[in-house]
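Take a look at the structure below.
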Amino acid sequence: MSRGETGRPTGLNWIKALPALAGFIALLGGGSAVYAGRLPGRGIPPTFHLSSYQAGFDSNEGGGFGLLPFSLQQQPFVEPDVRLRDDDPAFIKKSLPGGVAFRVFSSNVLTWAMDRFIMGYPWARVGLTSWKNNFLKGWQWDIDPFNTNFFFHPYSGGAFFNSARSNGYGYFSSVPFALMGSLMWEYFGETGRPAYNDLINTTLSGSLFGEIFYRLSSSLLDDRATGVERFFREFGALLLSPGRAFSRLLQGKLTRVTTKEIYQKEPINISASAGAHWFNQGSRFGTGSLSANLNIHLDYGDPFEIRPRKPFDFFKIRTDLSYGKNMGKRYLDNFIGYGLLFGKTVHSGSMDLLMGVFQHYNYWDSKIFQISTLAFGGGLIAKWRLSEESNLQAAFHLGLIPLGASDSPYIDLMEAGEHVRNYNYAGGAEAKIESTLNLTTFGQLTAIFYFYRLYNFVGPAGHNNIMVFKPRLAIKLVDNINLGFEFLYYYKEGYYLHLPDIKKSNSEQKLYLMLYF
């Protein structure tokens, strides 16, 4: 997006959406085998399932330990009789590239028409003059708001990606269509000059969004279902991936009934929590403002199953929504996740280990700080069985950041009387350490550490060291209901060539009830 595009709405009314979101979590989690009542002592199994995968003590290939409804990583699962490692190509035929390109083009035209004729945005008044100007003046780093550039662009890129992914293309072969859709929009969809940051975020982070939403919508879809169940499955997939739902409508798949499963499905663990969120004044405990908080954590796939790996056969995402009188319009507090691109699982004694290359997406838009990074790098995910009812799980990642951003006290750009960019564009590296001690009868103790080193390439010359430390404790109350407490400590050092250095620290606390599906 460009300078003229800052008039586009950049917030969502999350509060009105919470009832629908809660229902959708229940729908998606209804078939999660670990938390759906299939474990011993958990009651009668439910009649509605998204997946046939069950948890157990010993997975044939997962090296299982089972019976641990608390996980930083996904628990091992029993392999069912029929396991699709990919979508069935007999029912999902690969479209010609020209057909996919036309869908991407149609998506851009529809979006532009809504912006131009319904919303009336001035930057949508494109024509020969603006197109010529875009080609002659070339590319820039734009000044759009943080959430526009680092969340909404990746989200829109997922729609371009799924124009191919939902029509028989794999992960890597779908990425070029996200690139094509972004280029088309940057040159022809708006009056402002094309932006480097938009192209990168829409293509690369958009592909991550697209694959995650494709996988989750596949977990909902079941072309064997009919009636009310079929309606709610299709509706849930529509919420996750509107582009895929539109393709299914055009191809007659919304009402097609098959006699067998045709989509790849993997185990899914979901936890949802709600409670209170305190933003402290500096790092003083118990001070500052209070808001309501909703958290969703999702693990997809079994990292400890020995199998051939495709991109995003395993991924995890976490998001926090906050609402309070002092929050302004910052409802989306964070959206963080990573997915496996290449990898291999090995078992050795009591240890299981996944080694691989991962793609990362980090988006923090807290009241007290802003960070966003796109990263690629190596990682290890390990599990040690300590006893029949306990284990220790850990993950370690190192990644290179081609594009990132962090808020700066030295940047506060305005346009048309509104605050727009208040952040640096940067690149660098990141590290993540995650560890969880799982105790079946008690709960779990988790510690997560993020480190970002960002070198500014647009903004004041210098670099930032940013650290986020998050310990949390979950105590089992009854069945799958837990009482949780989380503490977050944020620390930033900024070193500049021509400006005073900065050091900043803040903290947050969350107290919540957590439900595992």
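If you're wondering about the labels, chains in the structure tokens are A, B, ... by order shown, residues count from 1 in each chain, ligands from 1 in order shown.
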
Could you name the residues that touch Gly349 in chain A at 12 Å or less, counting only C-alpha atoms, but leaving out those on the same chain fewer than 3 positions away, as a ChimeraX atom specification?
/A:63,346,352-353,383-386

Using only C-alpha atoms for the distances, tell me which of A:Gly236, A:Thr258, A:Phe312, A:Trp131 is nearest to Phe172 in chain A.
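Counting only C-alpha atoms, the residue closest to Phe172 in chain A is A:Phe312.
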
Using only C-alpha atoms, the best pick from A:Tyr323, A:Tyr410, A:Phe469, A:Phe151 as closest to Lys367 in chain A would be A:Tyr323

Which residue out of A:Arg85, A:Arg103, A:Lys137, A:Arg256 has the minimum interatomic distance to Arg193 in chain A when only C-alpha atoms are used?
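Answer, going by the shortest atom-to-atom distance: A:Lys137.
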